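Peer 1: Data file coords_4.txt (compact mmCIF, C-alpha atoms) is appended below.
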```txt
# COMPACT_ATOMS: atom_id res chain seq x y z
CA MET A 1 183.97 233.17 167.41
CA ALA A 2 182.03 236.50 167.35
CA ASN A 3 179.64 237.35 170.16
CA SER A 4 176.99 238.25 167.60
CA THR A 5 177.05 234.67 166.28
CA ILE A 6 176.31 233.31 169.75
CA LYS A 7 173.41 235.76 170.12
CA ASN A 8 171.96 234.81 166.72
CA ILE A 9 172.08 231.09 167.61
CA ALA A 10 170.51 231.80 170.99
CA ASP A 11 167.70 233.76 169.34
CA SER A 12 167.07 230.89 166.89
CA ILE A 13 166.52 228.40 169.73
CA GLY A 14 164.29 230.72 171.77
CA VAL A 15 166.76 232.37 174.20
CA PRO A 16 166.55 236.11 173.47
CA LYS A 17 168.46 238.98 175.13
CA LEU A 18 171.50 236.95 176.23
CA LYS A 19 173.78 238.95 178.53
CA ASP A 20 177.12 240.14 177.14
CA GLU A 21 179.16 238.37 179.85
CA ILE A 22 177.50 235.02 179.13
CA THR A 23 177.83 235.55 175.37
CA SER A 24 181.57 236.29 175.66
CA ALA A 25 182.21 233.24 177.88
CA MET A 26 180.25 230.94 175.59
CA ALA A 27 182.07 232.29 172.49
CA GLN A 28 185.44 231.51 174.04
CA ASP A 29 184.33 228.00 175.06
CA VAL A 30 182.87 227.22 171.64
CA GLU A 31 186.04 228.45 169.94
CA PHE A 32 188.13 226.19 172.20
CA ARG A 33 185.91 223.15 171.44
CA LEU A 34 186.05 223.81 167.71
CA HIS A 35 189.85 224.07 167.89
CA GLU A 36 190.00 220.68 169.64
CA ILE A 37 187.78 218.99 167.07
CA ILE A 38 189.67 220.46 164.11
CA THR A 39 192.99 219.43 165.64
CA GLU A 40 191.69 215.86 166.10
CA ALA A 41 190.30 215.82 162.54
CA MET A 42 193.65 216.89 161.13
CA LYS A 43 195.21 213.80 162.74
CA PHE A 44 192.81 211.62 160.77
CA MET A 45 193.65 213.59 157.64
CA ARG A 46 197.39 213.07 158.07
CA HIS A 47 197.01 209.34 158.82
CA SER A 48 194.91 209.01 155.65
CA LYS A 49 197.81 210.52 153.61
CA ARG A 50 195.73 213.50 152.55
CA THR A 51 196.28 217.26 152.61
CA LYS A 52 192.62 218.31 152.43
CA LEU A 53 190.34 218.19 155.43
CA THR A 54 187.04 216.44 154.70
CA VAL A 55 183.68 215.93 156.38
CA THR A 56 184.69 212.34 157.15
CA ASP A 57 187.63 213.58 159.21
CA ILE A 58 185.34 215.86 161.23
CA ASN A 59 182.87 213.04 161.84
CA SER A 60 185.70 210.71 162.93
CA ALA A 61 186.92 213.32 165.39
CA LEU A 62 183.39 213.72 166.78
CA ARG A 63 183.03 209.96 167.23
CA VAL A 64 186.31 209.84 169.16
CA ARG A 65 184.84 212.37 171.60
CA ASN A 66 181.50 210.49 171.82
CA VAL A 67 179.67 213.26 169.97
CA GLU A 68 177.02 212.47 167.36
CA PRO A 69 178.39 213.15 163.86
CA ILE A 70 177.03 215.80 161.52
CA TYR A 71 174.37 214.53 159.14
CA GLY A 72 173.48 215.84 155.69
CA PHE A 73 177.02 216.48 154.39
CA GLU A 74 179.08 214.22 152.10
CA THR A 75 182.79 214.17 151.48
CA GLY A 76 182.41 213.77 147.73
CA ARG A 77 180.04 216.71 147.32
CA PRO A 78 181.71 220.18 147.43
CA ILE A 79 180.10 222.60 149.86
CA LYS A 80 179.42 226.05 148.44
CA PHE A 81 178.61 228.87 150.85
CA ASN A 82 176.54 231.80 149.64
CA LYS A 83 176.72 235.26 151.23
CA THR A 84 173.81 237.49 152.05
CA ALA A 85 173.80 240.87 153.76
CA THR A 86 171.43 242.01 156.46
CA ALA A 87 171.04 245.39 158.14
CA LEU A 88 173.51 244.40 160.85
CA GLU A 89 175.99 241.89 159.32
CA GLU A 90 176.83 239.47 156.52
CA ILE A 91 175.57 235.87 156.79
CA TYR A 92 176.87 232.81 154.92
CA TYR A 93 174.57 229.89 154.15
CA VAL A 94 174.44 226.69 152.07
CA ASP A 95 171.74 226.25 149.44
CA ASP A 96 169.64 223.11 149.87
CA GLU A 97 168.84 221.23 146.69
CA VAL A 98 165.17 221.34 145.74
CA ILE A 99 163.90 217.82 144.96
CA ASP A 100 160.86 217.33 142.77
CA LEU A 101 158.98 214.50 144.49
CA ASP A 102 156.71 213.84 141.51
CA ARG A 103 159.66 213.33 139.19
CA LEU A 104 161.42 211.21 141.83
CA MET A 105 158.40 208.90 142.14
CA GLU A 106 158.21 208.40 138.37
CA GLU A 107 161.84 207.33 138.01
CA PRO A 108 162.45 203.53 137.73
CA LEU A 109 163.75 201.73 140.76
CA PRO A 110 167.44 200.81 140.75
CA SER A 111 168.39 197.18 140.23
CA VAL A 112 168.57 194.98 143.30
CA PRO A 113 172.20 194.66 144.46
CA LEU A 114 173.76 191.22 144.53
CA GLU A 115 174.04 189.45 147.84
CA VAL A 116 177.45 189.30 149.46
CA VAL A 117 178.78 185.76 149.18
CA TYR A 118 182.12 184.02 149.60
CA THR A 119 183.45 181.77 146.86
CA ALA A 120 186.67 179.78 146.59
CA HIS A 121 188.81 179.62 143.49
CA TRP A 122 192.30 178.52 142.52
CA LEU A 123 194.75 181.40 142.64
CA ALA A 124 197.44 179.19 141.15
CA ILE A 125 197.95 175.48 140.52
CA GLU A 126 201.55 174.33 140.63
CA GLY A 127 202.69 177.87 139.90
CA VAL A 128 200.34 178.32 136.93
CA GLN A 129 197.54 180.87 137.27
CA PRO A 130 194.19 179.81 135.78
CA ARG A 131 192.70 182.47 133.54
CA ILE A 132 189.38 183.04 135.30
CA GLN A 133 187.50 186.19 136.15
CA GLN A 134 188.56 186.18 139.81
CA ASN A 135 192.30 186.23 138.93
CA PRO A 136 194.08 189.27 137.45
CA ALA A 137 194.58 189.10 133.70
CA PRO A 138 198.13 188.12 132.70
CA ILE A 139 200.24 190.62 130.81
CA ASP A 140 200.53 189.75 127.13
CA GLU A 141 204.16 190.22 126.15
CA GLU A 142 203.42 190.30 122.43
CA GLU A 143 200.93 193.17 122.72
CA PRO A 144 201.76 195.85 125.30
CA ALA A 145 198.94 196.97 127.51
CA ALA A 146 199.35 200.58 126.34
CA LYS A 147 198.45 199.61 122.77
CA LYS A 148 195.31 197.71 123.71
CA PRO A 149 192.07 199.66 123.32
CA ALA A 150 190.46 200.50 126.62
CA LYS A 151 187.05 199.00 127.20
CA ALA A 152 184.34 200.87 129.03
CA PRO A 153 183.43 199.18 132.31
CA GLN A 154 180.16 197.33 132.11
CA ARG A 155 178.02 196.53 135.10
CA GLN A 156 177.06 192.87 135.30
CA ASP A 157 174.10 191.71 137.32
CA SER A 158 175.37 188.11 137.44
CA VAL A 159 178.81 186.62 137.87
CA GLU A 160 180.13 184.89 134.75
CA THR A 161 183.14 182.64 135.08
CA ILE A 162 185.47 182.47 132.11
CA PRO A 163 186.45 178.85 131.37
CA LEU A 164 190.00 177.71 131.96
CA VAL A 165 192.45 177.91 129.10
CA LYS A 166 195.36 175.68 128.31
CA HIS A 167 198.67 176.28 129.98
CA VAL A 168 201.41 177.90 127.98
CA LEU A 169 203.94 175.09 127.76
CA SER A 170 207.56 175.43 126.82
CA LYS A 171 208.83 173.61 123.78
CA GLU A 172 210.74 171.22 126.01
CA LEU A 173 207.59 170.19 127.89
CA GLN A 174 205.65 169.81 124.65
CA LEU A 175 208.38 167.58 123.27
CA TYR A 176 208.47 165.59 126.52
CA PHE A 177 204.69 165.03 126.46
CA GLU A 178 204.75 163.89 122.83
CA CYS A 179 207.64 161.56 123.50
CA ILE A 180 205.95 160.03 126.56
CA THR A 181 202.60 159.49 124.83
CA GLU A 182 204.33 157.85 121.87
CA SER A 183 206.28 155.59 124.21
CA LEU A 184 203.12 154.53 126.05
CA VAL A 185 201.70 153.00 122.85
CA SER A 186 204.97 151.33 121.92
CA PRO A 187 204.88 147.53 121.56
CA ASP A 188 208.21 147.33 123.38
CA PRO A 189 207.53 146.69 127.12
CA LEU A 190 210.87 148.24 128.09
CA VAL A 191 210.05 151.53 126.36
CA LYS A 192 206.62 151.63 127.97
CA SER A 193 207.97 150.88 131.46
CA THR A 194 210.62 153.59 131.06
CA ALA A 195 207.95 156.15 130.19
CA LEU A 196 205.86 155.16 133.21
CA GLU A 197 208.89 155.35 135.48
CA SER A 198 209.63 158.86 134.19
CA ILE A 199 206.07 159.97 135.00
CA SER A 200 206.33 158.53 138.50
CA ILE A 201 209.61 160.22 139.51
CA ASP A 202 210.15 163.30 137.31
CA ALA A 203 209.98 166.54 139.34
CA GLY A 204 209.62 169.01 136.47
CA ILE A 205 206.33 167.91 134.91
CA HIS A 206 203.85 169.64 137.25
CA GLN A 207 202.52 171.71 134.34
CA LEU A 208 201.74 168.49 132.43
CA VAL A 209 199.56 166.94 135.14
CA THR A 210 196.33 168.23 133.62
CA TYR A 211 197.39 166.94 130.20
CA PHE A 212 198.17 163.46 131.53
CA VAL A 213 194.83 163.37 133.36
CA GLN A 214 193.09 164.34 130.14
CA TYR A 215 195.12 161.68 128.32
CA VAL A 216 193.87 159.03 130.75
CA ALA A 217 190.25 160.17 130.37
CA MET A 218 190.33 160.22 126.57
CA THR A 219 192.16 156.90 126.37
CA VAL A 220 189.57 155.17 128.53
CA LYS A 221 186.69 156.79 126.66
CA ASN A 222 187.92 155.83 123.18
CA ASN A 223 189.34 152.35 123.89
CA LEU A 224 186.77 150.49 125.97
CA ASN A 225 187.39 147.28 123.96
CA ASN A 226 191.18 147.49 123.96
CA LEU A 227 192.42 145.82 127.13
CA SER A 228 196.10 146.62 126.59
CA THR A 229 195.43 150.34 126.11
CA LEU A 230 193.21 150.47 129.18
CA ASN A 231 195.92 148.81 131.28
CA THR A 232 198.34 151.49 130.09
CA ALA A 233 195.89 154.26 131.04
CA MET A 234 195.52 152.81 134.54
CA ALA A 235 199.29 152.58 134.83
CA VAL A 236 199.61 156.27 133.90
CA ALA A 237 197.03 157.21 136.55
CA LYS A 238 198.94 155.19 139.15
CA ALA A 239 202.27 156.74 138.15
CA LEU A 240 200.85 160.25 138.48
CA ARG A 241 199.56 159.54 141.98
CA ARG A 242 202.81 157.90 143.07
CA ASN A 243 204.98 160.83 142.00
CA PRO A 244 205.90 162.63 145.25
CA ASN A 245 206.75 165.84 143.39
CA LEU A 246 203.28 166.36 141.88
CA PHE A 247 200.17 167.89 143.45
CA VAL A 248 197.34 165.85 141.94
CA GLU A 249 194.60 166.53 144.49
CA PRO A 250 192.80 169.17 142.33
CA TYR A 251 192.50 166.62 139.49
CA MET A 252 190.94 163.74 141.42
CA HIS A 253 187.44 164.63 140.21
CA GLN A 254 188.68 164.08 136.64
CA LEU A 255 190.60 160.89 137.41
CA ILE A 256 188.00 158.98 139.45
CA PRO A 257 185.42 158.62 136.60
CA SER A 258 188.05 156.88 134.46
CA LEU A 259 188.91 154.51 137.32
CA LEU A 260 185.24 153.72 137.93
CA THR A 261 184.75 153.05 134.23
CA CYS A 262 187.54 150.47 134.26
CA LEU A 263 186.05 148.96 137.41
CA VAL A 264 182.35 148.50 136.58
CA SER A 265 182.14 148.86 132.80
CA LYS A 266 180.14 146.15 131.02
CA ARG A 267 182.88 145.26 128.56
CA LEU A 268 186.60 146.07 128.57
CA CYS A 269 187.93 143.69 125.91
CA GLU A 270 187.05 141.97 122.65
CA SER A 271 186.67 138.44 124.06
CA TYR A 272 185.26 137.52 127.44
CA THR A 273 188.14 135.08 127.95
CA GLU A 274 190.68 137.91 128.15
CA ASP A 275 191.97 138.81 131.59
CA HIS A 276 190.03 142.02 132.17
CA TRP A 277 189.57 140.92 135.78
CA SER A 278 193.09 142.07 136.64
CA LEU A 279 192.29 145.50 135.22
CA ARG A 280 189.22 145.73 137.44
CA ASP A 281 191.24 144.61 140.48
CA GLY A 282 193.87 147.28 139.80
CA ALA A 283 191.23 149.99 139.39
CA ALA A 284 189.64 148.94 142.69
CA GLU A 285 193.01 149.19 144.47
CA GLN A 286 193.59 152.68 143.08
CA ILE A 287 190.13 153.87 144.14
CA ALA A 288 190.71 152.53 147.66
CA GLU A 289 194.10 154.29 147.82
CA ILE A 290 192.50 157.57 146.69
CA CYS A 291 189.80 157.30 149.37
CA GLN A 292 192.44 156.65 152.00
CA GLN A 293 194.74 159.43 150.79
CA PHE A 294 192.20 162.20 150.18
CA GLY A 295 189.36 161.11 152.48
CA GLN A 296 190.32 163.70 155.10
CA SER A 297 190.15 166.55 152.58
CA TYR A 298 186.97 165.37 150.83
CA HIS A 299 184.67 163.91 153.47
CA THR A 300 181.99 162.77 151.01
CA LEU A 301 184.37 161.10 148.54
CA GLN A 302 184.25 157.55 149.93
CA ALA A 303 180.51 157.78 150.63
CA ARG A 304 179.76 158.77 147.04
CA ILE A 305 181.96 156.03 145.59
CA THR A 306 180.46 153.46 147.97
CA ARG A 307 176.94 154.51 146.96
CA THR A 308 177.83 154.11 143.27
CA LEU A 309 179.34 150.65 143.74
CA LEU A 310 176.49 149.44 145.97
CA ARG A 311 173.93 150.54 143.40
CA ALA A 312 175.80 148.59 140.71
CA PHE A 313 176.07 145.52 142.98
CA LEU A 314 172.36 145.39 143.83
CA ASP A 315 171.02 146.17 140.33
CA PRO A 316 169.85 142.86 138.79
CA THR A 317 169.77 144.39 135.31
CA LYS A 318 173.53 144.99 135.31
CA PRO A 319 175.85 142.37 133.73
CA LEU A 320 177.92 140.04 135.89
CA THR A 321 181.11 141.86 134.92
CA THR A 322 179.72 145.01 136.51
CA HIS A 323 178.72 143.04 139.61
CA TYR A 324 182.26 141.68 139.86
CA GLY A 325 183.78 145.18 139.71
CA ALA A 326 181.34 146.46 142.35
CA ILE A 327 182.11 143.53 144.70
CA VAL A 328 185.86 143.99 144.33
CA GLY A 329 185.58 147.76 144.78
CA LEU A 330 183.49 147.45 147.95
CA THR A 331 185.89 144.84 149.32
CA LYS A 332 188.89 147.12 148.84
CA LEU A 333 187.16 149.94 150.73
CA GLY A 334 187.48 148.09 154.02
CA VAL A 335 185.98 145.57 156.43
CA SER A 336 183.39 148.01 157.79
CA ILE A 337 181.91 148.36 154.29
CA ILE A 338 181.81 144.55 154.00
CA LYS A 339 179.98 144.12 157.30
CA VAL A 340 177.42 146.86 156.73
CA LEU A 341 176.73 146.70 152.99
CA VAL A 342 178.05 143.52 151.36
CA LEU A 343 177.44 140.71 153.85
CA PRO A 344 173.70 141.42 154.42
CA ASN A 345 173.10 141.27 150.64
CA ILE A 346 175.17 138.21 149.71
CA LYS A 347 172.36 135.66 150.11
CA ALA A 348 169.93 137.61 147.93
CA TYR A 349 172.64 138.17 145.33
CA MET A 350 173.59 134.47 145.30
CA SER A 351 170.01 133.49 144.45
CA LEU A 352 170.22 135.80 141.45
CA LEU A 353 173.65 134.49 140.48
CA ASP A 354 172.56 130.85 140.75
CA ALA A 355 169.64 131.54 138.42
CA GLU A 356 171.99 133.11 135.85
CA MET A 357 174.50 130.29 136.01
CA GLU A 358 171.81 127.68 135.43
CA LYS A 359 171.66 128.86 131.82
CA ARG A 360 174.03 126.17 130.56
CA ASP A 361 173.79 127.30 126.96
CA ASN A 362 175.64 130.56 127.69
CA GLN A 363 179.29 129.88 128.44
CA GLN A 364 180.06 133.55 129.10
CA LEU A 365 177.51 133.72 131.93
CA ILE A 366 179.03 130.62 133.53
CA TYR A 367 182.53 132.06 133.12
CA ASP A 368 181.61 135.47 134.55
CA GLY A 369 179.53 133.91 137.34
CA ALA A 370 182.48 131.81 138.49
CA HIS A 371 184.57 135.00 138.87
CA CYS A 372 181.75 136.64 140.86
CA GLN A 373 181.70 133.62 143.18
CA THR A 374 185.47 133.90 143.60
CA ALA A 375 185.08 137.61 144.40
CA LEU A 376 182.51 136.81 147.09
CA ILE A 377 184.80 134.15 148.57
CA ASN A 378 187.51 136.82 148.77
CA VAL A 379 185.04 139.08 150.56
CA LEU A 380 184.55 136.44 153.25
CA LYS A 381 188.30 135.76 153.45
CA THR A 382 188.95 139.48 153.96
CA LEU A 383 186.42 139.44 156.78
CA ALA A 384 188.15 136.40 158.32
CA ARG A 385 191.62 137.98 158.11
CA ASP A 386 190.35 140.96 160.08
CA SER A 387 188.95 138.70 162.82
CA ASP A 388 192.15 137.45 164.44
CA ASP A 389 190.55 137.12 167.89
CA ILE A 390 187.87 134.67 166.70
CA GLU A 391 188.52 130.95 167.07
CA PRO A 392 187.69 128.71 164.06
CA VAL A 393 184.60 126.55 164.32
CA GLY A 394 184.29 122.92 163.35
CA VAL A 395 183.65 122.08 159.72
CA THR A 396 180.38 120.29 160.38
CA ILE A 397 177.00 120.07 158.72
CA PRO A 398 175.25 122.22 161.38
CA GLN A 399 177.85 124.95 160.94
CA ARG A 400 177.42 124.73 157.18
CA SER A 401 173.65 125.12 157.60
CA LYS A 402 174.18 128.23 159.73
CA LEU A 403 176.55 129.65 157.13
CA ALA A 404 174.06 128.90 154.33
CA GLU A 405 171.44 130.97 156.15
CA VAL A 406 173.75 133.98 155.80
CA VAL A 407 175.43 133.53 152.40
CA GLY A 408 173.32 130.91 150.58
CA ASP A 409 173.83 127.21 149.89
CA THR A 410 176.12 127.58 146.88
CA LEU A 411 178.56 129.94 148.55
CA ALA A 412 178.49 127.89 151.77
CA ARG A 413 179.52 124.82 149.76
CA LEU A 414 182.39 126.74 148.16
CA VAL A 415 183.52 128.05 151.54
CA PHE A 416 183.65 124.52 153.00
CA ASP A 417 185.89 123.47 150.09
CA ASP A 418 188.44 126.08 151.24
CA PRO A 419 191.23 125.05 153.68
CA ASP A 420 190.29 127.97 156.00
CA ALA A 421 186.59 127.07 156.09
CA GLY A 422 186.46 127.04 159.90
CA LYS A 423 187.97 130.50 160.27
CA ILE A 424 185.78 131.99 157.49
CA THR A 425 182.61 130.45 158.95
CA ALA A 426 183.36 131.74 162.43
CA ALA A 427 184.04 135.27 161.16
CA VAL A 428 180.86 135.38 159.03
CA LEU A 429 178.64 134.08 161.83
CA ALA A 430 180.17 136.52 164.32
CA ALA A 431 179.64 139.47 161.97
CA ASN A 432 176.06 138.38 161.30
CA LYS A 433 175.40 138.06 165.04
CA GLU A 434 176.84 141.50 165.65
CA ALA A 435 174.62 143.01 162.94
CA LYS A 436 171.51 141.42 164.41
CA ALA A 437 172.42 142.70 167.87
CA LYS A 438 172.68 146.23 166.54
CA GLU A 439 169.31 145.95 164.82
CA THR A 440 167.74 144.66 168.05
CA SER A 441 169.20 147.52 170.08
CA LYS A 442 167.71 150.03 167.65
```
Please render this file's structure as structure tokens.
Peer 2:
Amino acid sequence: MANSTIKNIADSIGVPKLKDEITSAMAQDVEFRLHEIITEAMKFMRHSKRTKLTVTDINSALRVRNVEPIYGFETGRPIKFNKTATALEEIYYVDDEVIDLDRLMEEPLPSVPLEVVYTAHWLAIEGVQPRIQQNPAPIDEEEPAAKKPAKAPQRQDSVETIPLVKHVLSKELQLYFECITESLVSPDPLVKSTALESISIDAGIHQLVTYFVQYVAMTVKNNLNNLSTLNTAMAVAKALRRNPNLFVEPYMHQLIPSLLTCLVSKRLCESYTEDHWSLRDGAAEQIAEICQQFGQSYHTLQARITRTLLRAFLDPTKPLTTHYGAIVGLTKLGVSIIKVLVLPNIKAYMSLLDAEMEKRDNQQLIYDGAHCQTALINVLKTLARDSDDIEPVGVTIPQRSKLAEVVGDTLARLVFDDPDAGKITAAVLAANKEAKAKETSK
């Protein structure tokens, strides 16, 4: 560091005529400090796997020594020093860019940058990578990447998600899927049961899960009057869930609508005398199993299903078949649902059901109403089975009157025709008393 440089800097800050001894000492100290900073900056350069020292390295070295970094210089912009000569010495300087403020004010404002957000997406499902924008594009073996024309990058102001595409299945899996779907519509029960057993235990069909889920959805949608086909679709859904080698959790949102359709749909067969009630019972059991199995992962799953079934149960415009499915579905969800949602509404529902069953000219209403009554009796029996610590009450007229105040006269009469009438009555009255105590405490 030259002594003249120290004197020039001193003159620029208002310290003229600096003594030679002070100038020499300060030059040596400044040179030592610069050497330290450059040595520290070179460490950052080497750790960054670079061979060229940059402004960023200098600033990092200054920060390490608690010195404010240098402002006004960028790593990406090359610094060009110009030389000028004075009467005493040569001076090097950097030209500052002249900015036209009028032109700068007339330029349009840049677009607002997107907010930083976090989103979740499937990186792979059962080893298969979905083709979406967030995932890297797969290499096409038929067309090498070198032969593909390069596309100029385009800036997008909004994120656009490319829809999922079908998996690339091997010929063996395609043949397996065709064979299974043909066997499921076979009139031979043995062939059909063999196909279902294969779905429930086969470990190599994880890539076909989405196809089987789609098969269930399309079968239910297109065969709402074919009871046998709907039973087969429900059996396929059950087999998929029971297979311990398959990961079906990502497909529950596609499977549940089909199960709910088979539970609360208005009509599931050609004649009302067909046993579509068993289909509804099976769908209710599957929905309850799904809520129990995936309730920890999806906290709102059971609440949403319960809300749907309760709305169907309390809607007087819905047919009795829908009411039956809603009652069975709510019953399968547990005793707490029965106490909070079903039991307080039984009396009001029974008044509606009695009015419908008084239409003697409609045999279907009488037939469907009888099944709804049976479903409500099962609700009360489920409540009684959960109340092991409650002693049965006497089957007397006063007890029957108390029960009728909770569930209605018709259902009270049917309960007293049951062999376990005392146990059922005690459980219902205890649950009703508990509910009233909670309302009083509120």
Peer 1: Could the residues of segment 368-437 of chain A that have an atom at most 12 Å from segment 280-288 of chain A be listed as a tab-separated table, each with its closest atom pair and the distance in Å to one decimal, counting only C-alpha atoms and ordered by chain and ascending residue number?
Peer 2:
```
residue	atom	partner	partner_atom	distance
A:His371	CA	A:Arg280	CA	11.8
A:Ala375	CA	A:Asp281	CA	10.1
A:Asn378	CA	A:Asp281	CA	12.0
```
Peer 1: Let's have the selection written as an mmCIF file, keeping the file's coordinate frame, with C-alpha atoms.
Peer 2:
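Writing the result to again-v1.cif gives the following:
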```cif
data_model
loop_
_atom_site.group_PDB
_atom_site.id
_atom_site.type_symbol
_atom_site.label_atom_id
_atom_site.label_comp_id
_atom_site.auth_asym_id
_atom_site.auth_seq_id
_atom_site.Cartn_x
_atom_site.Cartn_y
_atom_site.Cartn_z
ATOM 1 C CA HIS A 371 184.570 135.000 138.870
ATOM 2 C CA ALA A 375 185.080 137.610 144.400
ATOM 3 C CA ASN A 378 187.510 136.820 148.770
#
```
Peer 1: Kindly indicate which residue among A:Val209, A:Ile337, A:Met26, A:Ile99 lies nearest to Met1 of chain A, using only C-alpha atoms for the distances.
Peer 2: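 Using only C-alpha atoms, the shortest distance to Met1 of chain A belongs to A:Met26.
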Peer 1: Within 8 Å of (185.8, 149.7, 139.7) in the file's own coordinates, which protein, DNA or RNA residues have an atom, counting only C-alpha atoms? List them as a list in words.
Peer 2: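 Output of the proximity query reads Leu259, Leu260, Thr261, Cys262, Leu263, Val264, Ser265, Arg280, Asp281, Ala283, Ala284, Ile287, Leu309, Gly325, Ala326, Val328 and Gly329 of chain A.
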Peer 1: Compile the contact shell of segment 41-48 of chain A as an MDAnalysis selection string: residues with an atom at most 8 Å away, counting all atoms listed in the file, same-chain residues fewer than 6 positions apart removed.
Peer 2: chainID A and resid 54 57:61
Peer 1: Distance atom CA of Ser336 of chain A-atom CA of Asp386 of chain A, one decimal place?
Peer 2: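 Those two atoms sit 10.2 Å apart.
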Peer 1: Just give me the gap between atom CA of Ala348 of chain A and atom CA of Gly422 of chain A in Å, one decimal is fine.
Peer 2: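 That distance, rounded to one decimal, is 23.0 Å.
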Peer 1: Give me the residues near Ala203 of chain A as a PDB file with C-alpha atoms, keeping the file's coordinate frame, where near means some atom within 10 Å (using all atoms listed in the file) and where sequence neighbours in that chain fewer than 4 positions away do not count.
Peer 2:
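For reference, part-v1.pdb as written:
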```pdb
ATOM      1  CA  SER A 198     209.630 158.860 134.190  1.00  0.00           C
ATOM      2  CA  ILE A 199     206.070 159.970 135.000  1.00  0.00           C
ATOM      3  CA  ASN A 243     204.980 160.830 142.000  1.00  0.00           C
ATOM      4  CA  PRO A 244     205.900 162.630 145.250  1.00  0.00           C
ATOM      5  CA  ASN A 245     206.750 165.840 143.390  1.00  0.00           C
ATOM      6  CA  LEU A 246     203.280 166.360 141.880  1.00  0.00           C
TER       7      LEU A 246
END
```
Peer 1: Pick the closest to Leu279 of chain A from A:Met252, A:Leu190, A:Val395, A:Leu224: which is it, counting all atoms listed in the file?
Peer 2: A:Leu224
Peer 1: Would you work out the distance separating atom CA of Phe177 of chain A from atom CA of Gln129 of chain A, expressed in Å to one decimal?
Peer 2: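 Distance between the two atoms: 20.5 Å.
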Peer 1: Residues within 12 Å of Glu31 of chain A, please, as a list in words. Count only C-alpha atoms; anything in the same chain fewer than 4 positions from it doesn't count.
Peer 2: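 Surrounding residues, per the criterion: Met1, Ala2, Asn3, Thr5, Ile6, Ser24, Ala25, Met26, Ala27, His35, Glu36, Ile37 and Ile38 of chain A.
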Peer 1: How about saving the chosen residues, C-alpha atoms kept, as a short mmCIF file (atom, residue, chain, number, x, y, z; two decimals), in the coordinates of the input?
Peer 2:
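Output file out_32.cif is given in full below:
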```cif
data_model
loop_
_atom_site.label_atom_id
_atom_site.label_comp_id
_atom_site.auth_asym_id
_atom_site.auth_seq_id
_atom_site.Cartn_x
_atom_site.Cartn_y
_atom_site.Cartn_z
CA MET A 1 183.97 233.17 167.41
CA ALA A 2 182.03 236.50 167.35
CA ASN A 3 179.64 237.35 170.16
CA THR A 5 177.05 234.67 166.28
CA ILE A 6 176.31 233.31 169.75
CA SER A 24 181.57 236.29 175.66
CA ALA A 25 182.21 233.24 177.88
CA MET A 26 180.25 230.94 175.59
CA ALA A 27 182.07 232.29 172.49
CA HIS A 35 189.85 224.07 167.89
CA GLU A 36 190.00 220.68 169.64
CA ILE A 37 187.78 218.99 167.07
CA ILE A 38 189.67 220.46 164.11
#
```
Peer 1: Calculated over all atoms listed in the file, which of the candidates A:Asn82, A:Gln373, A:Ser183, A:Gln363 has the smallest distance to Tyr272 of chain A?
Peer 2: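 Among the listed residues, the smallest separation from Tyr272 of chain A belongs to A:Gln363.
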Peer 1: For segment 232-237 of chain A, work out the shell of residues within 8 Å, counting all atoms listed in the file and skipping chain neighbours fewer than 2 positions away, then give it as a list in words.
Peer 2: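 Counting only the stated atoms, we get Leu184, Leu196, Ile199, Phe212, Val213, Tyr215, Val216, Thr219, Val220, Ser228, Thr229, Leu230, Ala239, Leu240, Arg241, Leu255, Leu259, Gly282 and Ala283 of chain A.
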Peer 1: From the list A:Thr194, A:Thr374, A:Thr321, A:Thr382, which residue is nearest Leu333 of chain A when using only C-alpha atoms?
Peer 2: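 Closest to Leu333 of chain A, using only C-alpha atoms: A:Thr382.
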